[in-house]
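Let me begin by presenting the structure, written as structure tokens, before commenting on it.
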Amino acid sequence: MSAGPRQPAGASDWVRRARAVMPGGVSSPVRAFGPVGLPPLFAARGEGARIFDDAGRGYLDYVLSWGPLILGHAAPPVVEAVTRAARDGMSFGACHAGEVELAERLAAWVPGVEMVRFVNSGTEATMSAVRLARAATGRDLILKFEGCYHGHADGFLVVAGSGVATLSLPDSPGVPAATSALTLTAPYNDLEAVDAVLAEHGPRLAAVIVEPVAGNAGLIPPRKGFLQGLRDACDRAGALLIFDEVMTGFRVARGGAQERYGATPDLTTLGKVVGAGLPVAAYAGPRDLMRRVAPEGPVYQAGTLSGNPLGMAAGLAQLEELERTDPFAALERRASTLVEGILSAARARGIPACGAAVGSMWGVFFTEGPVFDFDGARRADAELFARYYRACFERGVFFAPSAFEAGFLSTAHTDADIENTVAVAGEAMDAALAGAN
């Protein structure tokens, strides 16, 4: 049975206070809840598959800090590792063993990785990978895909997904036209469009960067052959291929999308998942490329808190637990069951819908499917989604307050949680349809 209706948590005084001192009352636009007509959720704590607001209300959480909490909130192995590390010091500004151990683990898990440079955010990782690609090729252009989001560096805010798409911003003011001109775009899953770009700009193209499973325009899996096609196209053009695995790392397979789909990039970027939710990220690749990074090479990049001991301890603990339990097949089974249940509920009510699960990532669009690209995602019914979202939230199910974000599962989610969520989805669709009349 589903939980009973509840009032949104946003009536707290924290919302008023936050809006007085923070733009929109948030530290990141994706937390604002504006497109679904709710005030921001103020979280007080998380436990397993649930997040609790400042009034003590619990929600089944499918955001999971936007992906990294594969073991759920406050997973005991991670908490214990961070606690032990904190007793020895929060930050050193010096090398320590945890960096080496986590880098070794990443190199063992991810096919395209031999050397790793730790940074603090996915944006740092992707902008550094592009800098390295430009230095290695002596070229200046990059190609990204419409609806894919690679952080908020200037060159990436061109036809971007995530919060940019949620807020219906075409691009971002403050980005010089000369910078935007260095970023080319193509529709996701469209190799013919890629070939056309290469035919015109190939000699100047430094890199193609892609979310191998798009998660910032809703969940859009790659078509068969798309990723290998990108690999082949980059080889023909002499450009580098960058997989942005900030979302897909350890989510779609143990070794990420490159393991699942058998296409190996030149450079890999990993985000918050590397630190189990702490501010840790990395860019990585083969030795011949990574040795171009300072101090071994001339490509400069630095960070005072990079490789901080708390993040390294958390990341190691999460990977060790994943290695010990090998939950990937069970996670994908539950994610598939969830999507199938939601789509079945939609069909029973005559609501056009499509969706998919890839590993422990999942997503549903309120439109006839399948959805292969950003244009398809934008055809989804945004008004229906907003009504549906509010009804789910009121009934204690929390997923991203945007039609342009993937959902996630953790090992803390049970079969009963999935069953409950499907029941809530049906109730929420009824409420959403009633609200349209």
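Following the order of the structure tokens, chains are lettered A, B, ..., residues in each are numbered from 1, and ligands are numbered from 1.
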Select from region 130-259 of chain A everything DSSP, run on the backbone, classes as alpha helix (DSSP H), then give the selection as a ChimeraX atom specification. /A:130-137,163-166,177-180,191-201,226-237,256-259
Please provide as a PyMOL selection string all residues within 8 Å of Ala43 (chain A), with the sequence filter that same-chain residues fewer than 2 positions apart are discarded (counting only C-alpha atoms). chain A and resi 41+45-46+51-54
Phe226 (chain A) environment, 9 Å, only C-alpha atoms, sequence neighbours closer than 4 positions dropped, as a ChimeraX atom specification: /A:188-191,222,230-231
Write a file of the selected residues as a compact mmCIF listing (two decimals), in the first residue's frame, keeping N, CA and C atoms.
# COMPACT_ATOMS: atom_id res chain seq x y z
N TYR A 188 21.99 13.65 -30.16
CA TYR A 188 22.42 12.39 -29.55
C TYR A 188 21.89 11.22 -30.38
N ASN A 189 22.67 10.18 -30.50
CA ASN A 189 22.31 8.95 -31.21
C ASN A 189 22.29 9.11 -32.73
N ASP A 190 22.89 10.18 -33.26
CA ASP A 190 22.82 10.44 -34.70
C ASP A 190 24.23 10.44 -35.28
N LEU A 191 24.68 9.28 -35.79
CA LEU A 191 26.02 9.18 -36.35
C LEU A 191 26.14 9.93 -37.68
N PRO A 222 21.96 4.69 -25.45
CA PRO A 222 22.53 4.80 -26.79
C PRO A 222 21.94 3.74 -27.71
N LEU A 230 31.05 6.37 -32.63
CA LEU A 230 31.81 7.55 -32.21
C LEU A 230 33.30 7.22 -32.10
N ARG A 231 33.59 6.02 -31.56
CA ARG A 231 34.99 5.60 -31.45
C ARG A 231 35.63 5.57 -32.84
Using only C-alpha atoms, which residue out of A:Leu322, A:Leu267, A:Ala345, A:Met247 lies closest to Arg287 (chain A)? A:Leu267
For CA of Asp326 (chain A) and CA of Leu64 (chain A), quote the distance in Å rounded to one decimal.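 Interatomic distance here is 19.2 Å.
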Distance criterion (only C-alpha atoms): nearest to Pro29 (chain A) out of A:Ala400, A:Met429, A:Ala281, A:Met115: A:Ala400
Selected residue of minimal separation from Ala75 (chain A) among A:Ala380, A:Val21, A:Ala329, A:Ala314, counting only C-alpha atoms: A:Ala314
Nearest to Ala207 (chain A) among A:Arg291, A:Arg347, A:Arg139, A:Arg254, with distances taken over only C-alpha atoms: which residue is it? A:Arg139
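Nearest residue to Asp430 (chain A), choosing from A:Asp266, A:Gly359, A:Ala346, A:Ser27 and counting only C-alpha atoms: A:Ala346.
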Pick from A:Ala103, A:Leu141, A:Val273, A:Ala196 nearest to Ala178 (chain A), counting only C-alpha atoms: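 The closest residue to Ala178 (chain A) is A:Leu141.
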Excluding Leu219 (chain A) and any residue of its chain fewer than 3 positions from it, enumerate the residues within 7 Å of it, using only C-alpha atoms, and give them as an MDAnalysis selection string. chainID A and resid 214:215 362:363 405:406
Written file, previous selection with N, CA and C atoms, as a PDB file, in the first residue's frame:
ATOM      1  N   ALA A 214      22.709   8.970 -21.901  1.00  0.00           N
ATOM      2  CA  ALA A 214      22.317  10.334 -21.562  1.00  0.00           C
ATOM      3  C   ALA A 214      21.421  10.318 -20.328  1.00  0.00           C
ATOM      4  N   GLY A 215      21.798  11.088 -19.322  1.00  0.00           N
ATOM      5  CA  GLY A 215      21.021  11.133 -18.090  1.00  0.00           C
ATOM      6  C   GLY A 215      20.580  12.517 -17.697  1.00  0.00           C
ATOM      7  N   TRP A 362      17.289   4.919 -14.339  1.00  0.00           N
ATOM      8  CA  TRP A 362      15.999   4.692 -14.959  1.00  0.00           C
ATOM      9  C   TRP A 362      15.350   6.029 -15.301  1.00  0.00           C
ATOM     10  N   GLY A 363      14.354   5.977 -16.174  1.00  0.00           N
ATOM     11  CA  GLY A 363      13.625   7.186 -16.518  1.00  0.00           C
ATOM     12  C   GLY A 363      12.359   6.879 -17.278  1.00  0.00           C
ATOM     13  N   GLU A 405      15.895  14.684 -16.050  1.00  0.00           N
ATOM     14  CA  GLU A 405      16.891  14.059 -15.195  1.00  0.00           C
ATOM     15  C   GLU A 405      16.564  12.569 -15.045  1.00  0.00           C
ATOM     16  N   ALA A 406      17.612  11.756 -15.015  1.00  0.00           N
ATOM     17  CA  ALA A 406      17.438  10.331 -14.759  1.00  0.00           C
ATOM     18  C   ALA A 406      17.161  10.091 -13.282  1.00  0.00           C
TER      19      ALA A 406
END
Tell me, as a PyMOL selection string, which residues lie within 7 Å of Ala377 (chain A), counting only C-alpha atoms; anything in the same chain fewer than 3 positions away does not count. chain A and resi 217-218+371+373-374+380
Grab the residues selected above and save them as a compact mmCIF listing (two decimals), in the first residue's frame with C-alpha atoms.
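The new file out-v8.txt reads:
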# COMPACT_ATOMS: atom_id res chain seq x y z
CA ALA A 217 17.74 14.94 -20.72
CA GLY A 218 15.86 12.21 -18.92
CA VAL A 371 12.93 8.72 -27.20
CA ASP A 373 17.43 12.35 -28.52
CA PHE A 374 16.83 15.72 -26.87
CA ALA A 380 7.11 14.99 -23.33
Which residues are near Arg387 (chain A)? Cut-off 9 Å, only C-alpha atoms, ignore same chain within fewer than 2 positions. Put them as a PyMOL selection string. chain A and resi 36-37+382-385+389-392+428-429+431-433+435-436
Same residues, C-alpha atoms, output as a PDB file, in the first residue's frame:
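So the final result, stored in out_17.pdb, reads:
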ATOM      1  CA  VAL A  36       6.975  21.434 -10.645  1.00  0.00           C
ATOM      2  CA  GLY A  37       5.405  24.252  -8.612  1.00  0.00           C
ATOM      3  CA  ALA A 382       5.680  18.908 -19.040  1.00  0.00           C
ATOM      4  CA  GLU A 383       2.381  19.969 -17.478  1.00  0.00           C
ATOM      5  CA  LEU A 384       1.312  16.388 -16.856  1.00  0.00           C
ATOM      6  CA  PHE A 385       4.746  15.650 -15.409  1.00  0.00           C
ATOM      7  CA  TYR A 389       5.392  14.936  -9.646  1.00  0.00           C
ATOM      8  CA  ARG A 390       3.471  16.892  -7.013  1.00  0.00           C
ATOM      9  CA  ALA A 391       1.157  13.946  -6.389  1.00  0.00           C
ATOM     10  CA  CYS A 392       4.097  11.532  -5.994  1.00  0.00           C
ATOM     11  CA  ALA A 428      -0.416  10.099  -8.803  1.00  0.00           C
ATOM     12  CA  MET A 429      -1.491   9.593 -12.417  1.00  0.00           C
ATOM     13  CA  ALA A 431      -4.567  12.775  -9.411  1.00  0.00           C
ATOM     14  CA  ALA A 432      -2.715  14.342 -12.340  1.00  0.00           C
ATOM     15  CA  LEU A 433      -5.497  13.472 -14.765  1.00  0.00           C
ATOM     16  CA  GLY A 435      -6.166  18.009 -12.012  1.00  0.00           C
ATOM     17  CA  ALA A 436      -6.277  18.574 -15.751  1.00  0.00           C
TER      18      ALA A 436
END
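In this model, the gap between CA of Gly341 (chain A) and CA of Asn420 (chain A) comes to 10.4 Å.
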